[in-house]
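**Student:** Compact mmCIF, C-alpha atoms, saved as upload.txt, coming up:
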```
# COMPACT_ATOMS: atom_id res chain seq x y z
CA MET A 1 0.00 0.00 0.00
CA ILE A 2 1.24 3.47 -0.78
CA GLU A 3 0.48 6.80 0.86
CA PHE A 4 -0.31 10.01 -0.99
CA HIS A 5 0.84 13.52 -0.23
CA LEU A 6 0.02 16.83 -1.84
CA ASP A 7 2.28 19.70 -2.77
CA GLY A 8 0.17 22.83 -2.50
CA ARG A 9 2.79 25.01 -4.17
CA SER A 10 3.60 22.88 -7.20
CA GLY A 11 0.88 24.29 -9.46
CA VAL A 12 0.08 20.73 -10.61
CA ALA A 13 -3.62 19.91 -10.20
CA PRO A 14 -4.21 17.70 -7.12
CA TYR A 15 -5.73 14.80 -9.10
CA MET A 16 -2.69 14.89 -11.41
CA GLN A 17 -0.35 14.73 -8.42
CA LEU A 18 -2.10 11.56 -7.25
CA ILE A 19 -1.80 10.02 -10.72
CA GLN A 20 1.90 10.91 -10.87
CA GLN A 21 2.50 9.35 -7.46
CA VAL A 22 0.82 6.09 -8.51
CA ARG A 23 2.75 5.96 -11.79
CA GLN A 24 5.98 6.75 -9.98
CA ALA A 25 5.34 3.95 -7.45
CA MET A 26 4.61 1.57 -10.34
CA ARG A 27 7.76 2.55 -12.15
CA LEU A 28 9.86 1.99 -9.05
CA GLY A 29 8.25 -1.38 -8.39
CA LEU A 30 6.57 -0.20 -5.16
CA LEU A 31 3.20 -1.08 -6.69
CA THR A 32 2.79 -4.24 -8.74
CA GLU A 33 -0.08 -6.25 -10.16
CA GLY A 34 -2.67 -7.21 -7.56
CA ASP A 35 -1.72 -4.44 -5.10
CA GLN A 36 -4.57 -2.38 -3.73
CA LEU A 37 -4.64 1.40 -3.87
CA PRO A 38 -5.76 3.20 -0.70
CA THR A 39 -9.55 3.57 -0.52
CA VAL A 40 -11.02 6.97 -1.33
CA LYS A 41 -11.96 7.43 2.31
CA ASP A 42 -8.43 6.60 3.49
CA VAL A 43 -6.94 9.09 1.05
CA VAL A 44 -9.24 11.98 1.96
CA ALA A 45 -8.94 11.23 5.68
CA LYS A 46 -5.17 11.44 5.37
CA VAL A 47 -4.60 14.16 2.77
CA ALA A 48 -7.73 16.27 3.50
CA ILE A 49 -8.78 16.62 -0.13
CA ASN A 50 -12.10 16.39 -1.92
CA PRO A 51 -13.21 12.77 -2.55
CA ASN A 52 -14.07 13.74 -6.15
CA THR A 53 -10.38 14.53 -6.69
CA VAL A 54 -9.40 10.99 -5.70
CA LEU A 55 -12.21 9.48 -7.79
CA LYS A 56 -11.07 11.52 -10.78
CA ALA A 57 -7.47 10.34 -10.38
CA TYR A 58 -8.54 6.68 -10.02
CA ARG A 59 -10.86 6.99 -13.02
CA GLU A 60 -8.01 8.33 -15.17
CA LEU A 61 -5.75 5.49 -14.02
CA GLU A 62 -8.53 3.08 -14.95
CA TYR A 63 -8.87 4.61 -18.44
CA ALA A 64 -5.13 4.23 -18.81
CA GLY A 65 -5.55 0.50 -18.08
CA LEU A 66 -3.32 0.61 -15.02
CA VAL A 67 -5.88 -0.15 -12.33
CA ALA A 68 -9.32 -1.72 -12.06
CA ALA A 69 -12.08 -1.00 -9.57
CA ARG A 70 -13.74 -3.98 -7.93
CA PRO A 71 -17.04 -2.62 -6.64
CA GLY A 72 -17.31 -2.88 -2.88
CA VAL A 73 -13.74 -4.09 -2.53
CA GLY A 74 -11.40 -1.41 -3.81
CA THR A 75 -9.12 -0.37 -6.63
CA PHE A 76 -6.36 -2.74 -7.69
CA VAL A 77 -3.27 -2.46 -9.85
CA ILE A 78 -3.64 -4.62 -12.98
CA ARG A 79 -0.51 -3.68 -14.85
CA THR A 80 2.97 -2.70 -14.06
CA LEU A 81 5.10 0.04 -15.54
CA THR A 82 8.39 -1.64 -14.70
CA ASP A 83 8.34 -4.74 -17.00
CA GLU A 84 11.85 -5.92 -17.72
CA SER A 85 13.06 -2.33 -17.64
CA LEU A 86 13.42 -2.46 -13.85
CA ALA A 87 16.34 -4.84 -14.31
CA ALA A 88 18.04 -2.23 -16.47
CA HIS A 89 17.86 0.40 -13.73
CA GLY A 90 21.02 -0.83 -11.95
CA PRO A 91 23.40 -0.76 -14.91
CA LEU A 92 21.92 2.51 -16.19
CA ARG A 93 22.39 4.10 -12.78
CA GLU A 94 26.04 2.95 -12.80
CA GLU A 95 26.61 4.52 -16.22
CA LEU A 96 24.91 7.71 -15.07
CA ARG A 97 27.16 7.82 -12.01
CA GLY A 98 30.21 7.54 -14.30
CA TRP A 99 28.84 10.30 -16.54
CA LEU A 100 28.18 12.55 -13.53
CA ALA A 101 31.74 11.99 -12.29
CA ARG A 102 33.10 12.98 -15.72
CA ALA A 103 30.86 16.06 -15.79
CA ARG A 104 32.17 17.12 -12.37
CA ALA A 105 35.74 16.45 -13.43
CA ALA A 106 35.14 18.72 -16.43
CA GLY A 107 34.19 21.48 -13.98
CA LEU A 108 30.37 21.51 -14.24
CA ASP A 109 28.50 22.41 -11.08
CA SER A 110 25.13 20.87 -10.12
CA GLU A 111 23.13 23.60 -11.82
CA SER A 112 25.03 23.23 -15.10
CA ILE A 113 24.68 19.44 -14.98
CA GLU A 114 20.95 19.70 -14.46
CA ALA A 115 20.58 22.29 -17.23
CA LEU A 116 22.59 20.13 -19.64
CA PHE A 117 20.57 17.05 -18.78
CA VAL A 118 17.22 18.77 -19.08
CA THR A 119 17.98 20.46 -22.40
CA THR A 120 19.41 17.26 -23.87
CA PHE A 121 16.49 15.24 -22.55
CA ARG A 122 14.00 17.63 -24.13
CA THR A 123 15.62 18.03 -27.54
CA PRO A 124 14.79 14.67 -29.16
CA ILE A 125 11.27 14.74 -27.69
CA GLU A 126 10.55 18.04 -29.38
CA GLU A 127 12.01 16.79 -32.67
CA THR A 128 9.90 13.67 -32.79
CA ALA A 129 6.74 15.50 -31.67
CA MET B 1 -30.17 16.89 -10.73
CA SER B 2 -31.58 20.04 -9.16
CA PRO B 3 -29.28 22.53 -7.45
CA VAL B 4 -28.65 22.19 -3.70
CA LEU B 5 -28.96 25.93 -3.39
CA GLN B 6 -30.66 28.26 -5.81
CA ALA B 7 -30.88 31.99 -5.20
CA GLU B 8 -32.28 34.76 -7.36
CA GLY B 9 -31.81 38.44 -6.67
CA LEU B 10 -31.29 37.68 -3.00
CA SER B 11 -30.70 40.79 -0.86
CA LYS B 12 -30.50 41.59 2.82
CA ARG B 13 -30.62 45.12 4.14
CA TYR B 14 -29.87 46.35 7.66
CA GLY B 15 -31.17 49.92 7.79
CA ARG B 16 -29.21 51.71 5.08
CA ARG B 17 -26.51 49.08 4.84
CA LEU B 18 -26.76 46.29 2.26
CA ALA B 19 -25.27 43.10 3.71
CA LEU B 20 -26.08 41.10 0.59
CA SER B 21 -27.11 42.53 -2.75
CA ASP B 22 -28.68 40.85 -5.75
CA CYS B 23 -27.16 37.44 -5.12
CA THR B 24 -27.95 34.90 -7.85
CA LEU B 25 -26.54 31.40 -7.54
CA ALA B 26 -27.22 27.83 -8.64
CA ILE B 27 -24.99 25.39 -6.80
CA PRO B 28 -24.94 21.90 -8.32
CA PRO B 29 -25.33 18.88 -5.99
CA GLY B 30 -22.47 16.87 -4.52
CA ARG B 31 -19.98 19.73 -4.45
CA VAL B 32 -17.75 21.01 -1.72
CA VAL B 33 -18.36 24.71 -2.11
CA GLY B 34 -15.94 27.32 -0.86
CA LEU B 35 -17.49 30.68 -0.04
CA VAL B 36 -14.60 33.12 0.09
CA GLY B 37 -14.42 36.80 0.78
CA PRO B 38 -12.98 39.33 3.21
CA ASN B 39 -14.50 39.80 6.65
CA GLY B 40 -17.76 41.68 6.43
CA ALA B 41 -18.37 40.70 2.80
CA GLY B 42 -21.74 39.09 3.55
CA LYS B 43 -20.72 35.42 3.82
CA THR B 44 -22.40 34.87 7.18
CA THR B 45 -25.52 36.72 6.01
CA LEU B 46 -25.82 34.42 2.98
CA LEU B 47 -25.28 31.27 5.08
CA HIS B 48 -27.76 32.43 7.74
CA ILE B 49 -30.39 33.01 5.04
CA ALA B 50 -29.68 29.51 3.64
CA VAL B 51 -30.29 27.84 7.02
CA GLY B 52 -33.29 30.05 7.84
CA LEU B 53 -31.80 32.11 10.68
CA LEU B 54 -32.37 35.27 8.64
CA ARG B 55 -35.07 36.26 6.20
CA PRO B 56 -34.01 38.02 3.00
CA THR B 57 -35.21 41.57 2.35
CA ALA B 58 -35.72 40.74 -1.33
CA GLY B 59 -35.29 37.87 -3.76
CA ARG B 60 -35.86 34.16 -3.36
CA ILE B 61 -33.87 31.16 -2.23
CA GLU B 62 -34.39 27.40 -2.31
CA VAL B 63 -32.20 24.95 -0.42
CA LEU B 64 -32.52 21.29 -1.46
CA GLY B 65 -35.74 22.26 -3.19
CA GLY B 66 -37.39 23.75 -0.06
CA GLN B 67 -37.66 27.03 1.77
CA PRO B 68 -35.00 27.39 4.51
CA ALA B 69 -36.29 26.28 7.94
CA SER B 70 -39.80 25.77 6.54
CA GLY B 71 -40.45 22.70 8.69
CA ALA B 72 -39.01 19.70 10.50
CA ALA B 73 -38.19 17.87 7.24
CA GLN B 74 -36.24 20.85 5.88
CA LEU B 75 -34.37 21.32 9.19
CA ALA B 76 -33.36 17.65 9.20
CA LYS B 77 -31.86 17.94 5.71
CA VAL B 78 -29.45 20.76 6.53
CA GLY B 79 -26.60 20.60 9.05
CA PHE B 80 -25.16 23.89 10.27
CA VAL B 81 -22.03 24.77 12.20
CA ALA B 82 -22.07 28.44 13.17
CA GLN B 83 -19.03 30.69 13.28
CA ASP B 84 -16.50 29.80 15.99
CA THR B 85 -18.08 26.34 16.32
CA PRO B 86 -20.16 27.06 19.45
CA THR B 87 -20.82 24.35 22.03
CA TYR B 88 -22.26 24.40 25.57
CA ALA B 89 -19.27 24.90 27.89
CA GLY B 90 -20.99 23.36 30.91
CA LEU B 91 -22.19 20.21 29.12
CA SER B 92 -20.07 17.11 28.55
CA ILE B 93 -19.45 15.59 25.13
CA ALA B 94 -21.89 12.77 26.01
CA ASP B 95 -24.52 15.40 26.98
CA HIS B 96 -24.08 17.08 23.61
CA LEU B 97 -24.60 13.77 21.82
CA ARG B 98 -27.68 12.97 23.93
CA PHE B 99 -29.06 16.41 23.12
CA GLY B 100 -28.41 15.79 19.42
CA ALA B 101 -30.14 12.40 19.59
CA HIS B 102 -33.23 13.91 21.24
CA THR B 103 -33.61 16.81 18.84
CA ASN B 104 -32.81 15.11 15.50
CA PRO B 105 -35.09 12.40 14.07
CA GLY B 106 -32.41 11.05 11.72
CA TRP B 107 -29.65 10.97 14.39
CA ASP B 108 -26.95 8.36 13.74
CA GLN B 109 -25.43 7.44 17.11
CA GLN B 110 -22.93 5.11 15.41
CA VAL B 111 -21.45 7.94 13.33
CA ALA B 112 -21.25 10.14 16.45
CA ASP B 113 -19.63 7.46 18.64
CA ASP B 114 -17.17 6.43 15.92
CA ARG B 115 -16.02 10.00 15.46
CA ILE B 116 -15.57 10.64 19.19
CA THR B 117 -13.51 7.41 19.42
CA THR B 118 -11.43 8.23 16.33
CA LEU B 119 -10.73 11.69 17.73
CA GLY B 120 -9.62 10.16 21.03
CA LEU B 121 -12.02 12.31 23.04
CA ASP B 122 -13.34 11.38 26.48
CA PRO B 123 -17.19 11.54 26.39
CA SER B 124 -17.36 12.69 30.03
CA GLN B 125 -15.23 15.77 29.32
CA LYS B 126 -16.96 19.15 29.58
CA ALA B 127 -16.98 21.05 26.27
CA GLY B 128 -15.59 24.11 28.09
CA LYS B 129 -12.39 22.18 28.81
CA LEU B 130 -11.76 21.22 25.16
CA SER B 131 -9.16 22.86 22.93
CA GLY B 132 -10.38 24.99 20.02
CA GLY B 133 -9.69 22.15 17.61
CA GLN B 134 -11.53 19.59 19.74
CA ARG B 135 -14.49 21.94 20.15
CA ALA B 136 -14.65 22.39 16.38
CA GLN B 137 -14.55 18.60 15.96
CA LEU B 138 -17.40 18.20 18.47
CA ALA B 139 -19.52 20.79 16.64
CA LEU B 140 -18.82 18.99 13.34
CA THR B 141 -19.75 15.65 14.94
CA LEU B 142 -23.13 17.07 16.01
CA ALA B 143 -23.78 18.46 12.53
CA ILE B 144 -22.90 15.25 10.67
CA ALA B 145 -24.52 12.76 13.08
CA LYS B 146 -27.90 14.17 12.07
CA ARG B 147 -27.00 12.83 8.59
CA PRO B 148 -27.83 15.99 6.61
CA ASP B 149 -27.91 16.15 2.81
CA LEU B 150 -26.20 19.53 2.98
CA LEU B 151 -23.66 20.73 5.54
CA ILE B 152 -23.22 24.46 5.97
CA LEU B 153 -20.16 25.59 7.91
CA ASP B 154 -19.38 29.23 8.70
CA GLU B 155 -15.63 29.88 9.04
CA PRO B 156 -15.11 26.53 10.80
CA VAL B 157 -11.31 26.63 10.77
CA ALA B 158 -10.64 30.36 11.01
CA ARG B 159 -9.43 30.24 14.60
CA LEU B 160 -7.70 26.87 14.57
CA ASP B 161 -3.97 26.19 14.38
CA PRO B 162 -2.70 24.55 11.16
CA LEU B 163 -2.72 21.01 12.57
CA ALA B 164 -6.26 21.34 13.98
CA ARG B 165 -7.34 22.84 10.64
CA ARG B 166 -5.98 19.90 8.72
CA GLU B 167 -7.57 17.42 11.13
CA PHE B 168 -10.93 19.18 10.86
CA LEU B 169 -10.86 19.05 7.06
CA GLN B 170 -9.74 15.39 7.15
CA GLY B 171 -12.80 14.55 9.28
CA LEU B 172 -15.11 16.51 7.02
CA MET B 173 -13.76 14.90 3.83
CA ALA B 174 -13.89 11.41 5.35
CA TYR B 175 -17.55 11.96 6.16
CA ILE B 176 -18.52 13.11 2.68
CA ALA B 177 -16.50 10.27 1.10
CA ASP B 178 -18.76 7.89 3.03
CA HIS B 179 -22.08 9.69 2.87
CA GLY B 180 -21.88 11.94 -0.18
CA ALA B 181 -23.40 15.06 1.39
CA GLY B 182 -22.96 18.47 -0.18
CA VAL B 183 -20.92 21.03 1.73
CA ILE B 184 -20.81 24.82 1.74
CA LEU B 185 -18.05 26.29 3.85
CA SER B 186 -16.95 29.86 4.19
CA SER B 187 -13.53 31.26 4.87
CA HIS B 188 -11.59 34.44 4.39
CA LEU B 189 -8.51 32.36 3.54
CA VAL B 190 -8.49 30.57 0.21
CA SER B 191 -5.55 28.37 1.27
CA ASP B 192 -7.91 26.57 3.68
CA LEU B 193 -10.23 25.72 0.84
CA GLU B 194 -7.88 25.05 -2.05
CA ARG B 195 -7.48 21.37 -1.26
CA VAL B 196 -11.07 20.53 -0.52
CA CYS B 197 -13.32 22.66 -2.72
CA ASP B 198 -14.46 21.86 -6.23
CA TYR B 199 -16.80 24.85 -6.49
CA LEU B 200 -15.98 28.41 -5.50
CA ILE B 201 -17.97 31.55 -4.79
CA VAL B 202 -16.16 34.83 -4.28
CA LEU B 203 -18.24 37.32 -2.33
CA VAL B 204 -16.87 40.83 -1.85
CA ALA B 205 -18.65 43.91 -0.46
CA SER B 206 -22.08 42.19 -0.45
CA ARG B 207 -21.88 41.00 -4.08
CA VAL B 208 -21.04 37.68 -5.74
CA ARG B 209 -18.05 38.54 -7.95
CA VAL B 210 -17.55 35.11 -9.48
CA ALA B 211 -18.91 31.60 -8.92
CA GLY B 212 -18.24 28.31 -10.64
CA GLU B 213 -16.49 24.94 -10.77
CA VAL B 214 -12.88 25.34 -9.65
CA ASP B 215 -11.55 23.54 -12.74
CA ASP B 216 -13.54 25.83 -15.06
CA LEU B 217 -12.47 28.94 -13.17
CA LEU B 218 -8.80 28.00 -13.36
CA ALA B 219 -9.08 27.13 -17.05
CA GLY B 220 -10.89 30.39 -17.79
CA HIS B 221 -8.43 32.77 -16.14
CA CYS B 222 -4.76 33.49 -16.73
CA ARG B 223 -2.01 36.01 -16.13
CA LEU B 224 -0.69 37.99 -19.10
CA THR B 225 2.60 39.83 -18.92
CA GLY B 226 4.13 41.87 -21.69
CA ALA B 227 5.13 45.31 -22.88
CA ARG B 228 2.93 48.04 -21.50
CA ARG B 229 -0.33 48.47 -23.39
CA ASP B 230 -3.84 49.73 -22.95
CA PRO B 231 -6.09 46.91 -21.66
CA ALA B 232 -8.85 48.43 -23.80
CA ASP B 233 -7.35 47.00 -27.00
CA LEU B 234 -7.43 43.39 -25.87
CA PRO B 235 -9.50 41.10 -28.11
CA LYS B 236 -13.22 40.59 -27.52
CA GLY B 237 -14.11 38.04 -24.87
CA VAL B 238 -11.11 38.95 -22.73
CA GLU B 239 -12.07 40.73 -19.54
CA VAL B 240 -9.42 42.30 -17.33
CA ILE B 241 -10.01 41.44 -13.67
CA GLU B 242 -6.90 43.07 -12.32
CA GLY B 243 -4.18 45.02 -14.07
CA SER B 244 -0.98 46.67 -12.95
CA HIS B 245 1.41 48.66 -15.06
CA THR B 246 4.95 49.95 -14.78
CA ASP B 247 6.31 52.42 -17.33
CA ARG B 248 7.32 49.45 -19.51
CA GLN B 249 5.30 46.43 -18.53
CA SER B 250 1.68 45.41 -18.07
CA THR B 251 0.61 42.51 -15.87
CA LEU B 252 -3.01 41.52 -16.29
CA ILE B 253 -5.18 38.86 -14.73
CA VAL B 254 -7.90 38.20 -17.26
CA ARG B 255 -10.96 36.07 -17.72
CA SER B 256 -11.13 34.73 -21.23
CA THR B 257 -13.61 32.58 -23.07
CA THR B 258 -11.06 31.64 -25.73
CA PRO B 259 -7.36 30.72 -25.56
CA ILE B 260 -5.09 33.75 -25.86
CA ASP B 261 -2.58 33.43 -28.69
CA ASP B 262 -1.25 36.98 -28.71
CA PRO B 263 2.53 36.51 -29.07
CA SER B 264 3.29 39.82 -27.36
CA PHE B 265 2.06 38.37 -24.06
CA THR B 266 3.47 35.66 -21.85
CA VAL B 267 0.49 33.59 -20.73
CA GLU B 268 0.67 31.87 -17.35
CA GLN B 269 -1.72 29.73 -15.35
CA ILE B 270 -2.89 31.24 -12.09
CA THR B 271 -3.63 29.58 -8.78
CA LEU B 272 -6.96 29.73 -7.02
CA GLU B 273 -5.45 32.18 -4.54
CA ASP B 274 -4.34 34.51 -7.36
CA LEU B 275 -7.84 34.36 -8.77
CA VAL B 276 -9.56 35.18 -5.49
CA LEU B 277 -7.13 38.02 -4.75
CA ALA B 278 -7.69 39.48 -8.21
CA TYR B 279 -11.46 39.58 -7.70
CA MET B 280 -11.02 41.05 -4.23
CA ALA B 281 -8.68 43.73 -5.59
CA GLN B 282 -11.11 44.48 -8.40
CA ALA B 283 -13.91 45.01 -5.90
CA ALA B 284 -11.69 47.08 -3.62
CA THR B 285 -10.28 49.41 -6.31
CA GLY B 286 -13.34 51.66 -6.33
CA ALA B 287 -13.42 51.88 -2.54
CA VAL B 288 -9.68 52.53 -2.28
CA ARG B 289 -9.88 55.36 -4.81
CA THR B 290 -12.66 57.05 -2.88
CA ALA B 291 -10.73 56.69 0.37
CA ALA B 292 -7.62 58.20 -1.23
CA LEU B 293 -9.59 61.16 -2.50
CA GLU B 294 -11.14 61.70 0.92
CA THR B 295 -7.79 61.82 2.71
CA GLN B 296 -6.52 64.36 0.18
CA ARG B 297 -9.34 66.77 0.93
```
Represent the structure from my file as structure tokens, please.
**Tutor:**
Amino acid sequence: MIEFHLDGRSGVAPYMQLIQQVRQAMRLGLLTEGDQLPTVKDVVAKVAINPNTVLKAYRELEYAGLVAARPGVGTFVIRTLTDESLAAHGPLREELRGWLARARAAGLDSESIEALFVTTFRTPIEETA
Amino acid sequence: MSPVLQAEGLSKRYGRRLALSDCTLAIPPGRVVGLVGPNGAGKTTLLHIAVGLLRPTAGRIEVLGGQPASGAAQLAKVGFVAQDTPTYAGLSIADHLRFGAHTNPGWDQQVADDRITTLGLDPSQKAGKLSGGQRAQLALTLAIAKRPDLLILDEPVARLDPLARREFLQGLMAYIADHGAGVILSSHLVSDLERVCDYLIVLVASRVRVAGEVDDLLAGHCRLTGARRDPADLPKGVEVIEGSHTDRQSTLIVRSTTPIDDPSFTVEQITLEDLVLAYMAQAATGAVRTAALETQR
């Protein structure tokens, strides 16, 4: 079971924050097939948000084919976002560590590294779009 | 489905002072409605009319399809927590619940007991000995144990500390998740309401300035920044709510029915708080100008 939190300053709509947290947990393997999401009542009693916000987030996750609602029981994860790619995380992280070390050695500070990563990350996405 | 609250041309006058003027609203069912506005804007007047504590001077209002306080059935449908969540200081929590059970035909003792247990309160404790947060929770317990279809709360968290505020809203949301009642709650702080409301009414200086679904309001307003220009030559359908100008730059909060694709402006999303403040500033501008003129004389 995962727990939700809400960032009031992020500017991201609350229901979207819930969706992102579920997807993130799925990607990291914290939520896998068969796991139950917190009930609407549990979420609102913890996070103090409107129940419709939680319902909207769960509905969107359902449309996306990630979860399924079993009436009277709860909402369950039916797919995973990790697949075999989770196994690749380790080696990729190692390579990234090496790259970061080289970037530091070349004199880049954290801000420059982040800027370089973000701009590079965005470029191909914009080209293919 | 019919609106939970419908008002047309609703006004309330105290002598020469208008506490509420020409209020027209249609609140859809199942919403958590935030009624926001500065102190003295008329929020309490509107809520008191809705529960039947006040009669309007003009206009008409229907709450859940009936006249406010028109009979026992109407009273049972509406739960009300007055400002500062009043309780009887000399009575214990158990006394309060007994009182509630005697006076409300639809009283749900299970809901009341569960809440008192969850809150960790001792039923024999006198209400006068409770903290502000606990007193607010007791008042909310009384209002929801009567199982109303609509809960009306007047500034329920205004005087609570942040933790008690959060706990109060958690309890309120947990109840409506289970029972699906509509809620109208007032506050002068939008940050209290941002998380819980899906419908917003901004009331300033006795008038409703804007009302609607939060998602629609946020989608229909934005902030424009760009080189200084006259707001008058903005395209049709764009209404300036608040504008400020330096010698070079204009910053405008606008309501627009269509997307704005003017390349000379940077278009940004605004938060609910920005939106409320813009409407409050818009309403205040006239008053501030008059005040400034008066001090000059």
**Student:** For a quick test of understanding: name the residues of chain B lying within 9 Å of chain A when counting all atoms listed in the file, and present them as a short mmCIF file (atom, residue, chain, number, x, y, z; two decimals) with C-alpha atoms, in the frame of the given file.
**Tutor:**
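So iface.cif came out as:
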```cif
data_model
loop_
_atom_site.label_atom_id
_atom_site.label_comp_id
_atom_site.auth_asym_id
_atom_site.auth_seq_id
_atom_site.Cartn_x
_atom_site.Cartn_y
_atom_site.Cartn_z
CA ARG B 31 -19.98 19.73 -4.45
CA VAL B 32 -17.75 21.01 -1.72
CA ARG B 166 -5.98 19.90 8.72
CA GLU B 167 -7.57 17.42 11.13
CA PHE B 168 -10.93 19.18 10.86
CA LEU B 169 -10.86 19.05 7.06
CA GLN B 170 -9.74 15.39 7.15
CA GLY B 171 -12.80 14.55 9.28
CA LEU B 172 -15.11 16.51 7.02
CA MET B 173 -13.76 14.90 3.83
CA ALA B 174 -13.89 11.41 5.35
CA TYR B 175 -17.55 11.96 6.16
CA ILE B 176 -18.52 13.11 2.68
CA ALA B 177 -16.50 10.27 1.10
CA ASP B 178 -18.76 7.89 3.03
CA SER B 191 -5.55 28.37 1.27
CA GLU B 194 -7.88 25.05 -2.05
CA ARG B 195 -7.48 21.37 -1.26
CA VAL B 196 -11.07 20.53 -0.52
CA CYS B 197 -13.32 22.66 -2.72
CA ASP B 198 -14.46 21.86 -6.23
CA GLN B 269 -1.72 29.73 -15.35
CA ILE B 270 -2.89 31.24 -12.09
CA THR B 271 -3.63 29.58 -8.78
#
```
**Student:** Please provide as number ranges by chain all residues within 12 Å of Phe117 of chain A, with the sequence filter that same-chain residues fewer than 5 positions apart are discarded (counting all atoms listed in the file).
**Tutor:** A: 96, 99-100, 103, 108, 110-112, 122-123
**Student:** Which of these, A:Leu31, A:Leu86, A:Leu18, A:Ala106, has the shortest distance to Arg59 of chain A once you count all atoms listed in the file?
**Tutor:** A:Leu18
**Student:** So what do you get for atom CA of Gly30 of chain B versus atom CA of Gln36 of chain A, distance-wise?
**Tutor:** 26.3 Å
**Student:** Given the choices A:Gly29, A:Gly107, A:Pro38, A:Gly65, which gets closest to Ile78 of chain A if the distance is worked out from all atoms listed in the file?
**Tutor:**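 Distance minimum relative to Ile78 of chain A lands on A:Gly65.
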**Student:** Find the residues near Ala143 of chain B: any atom within 10 Å, counting all atoms listed in the file, skip ones fewer than 2 places away on the same chain, and give them as a list in words.
**Tutor:**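 In the requested format, the answer is Val78, Gly79, Phe80, Val81, Gly100, Trp107, Ala112, Gln137, Leu138, Ala139, Leu140, Thr141, Ala145, Lys146, Arg147, Pro148, Leu150, Leu151, Ile152 and Leu153 of chain B.
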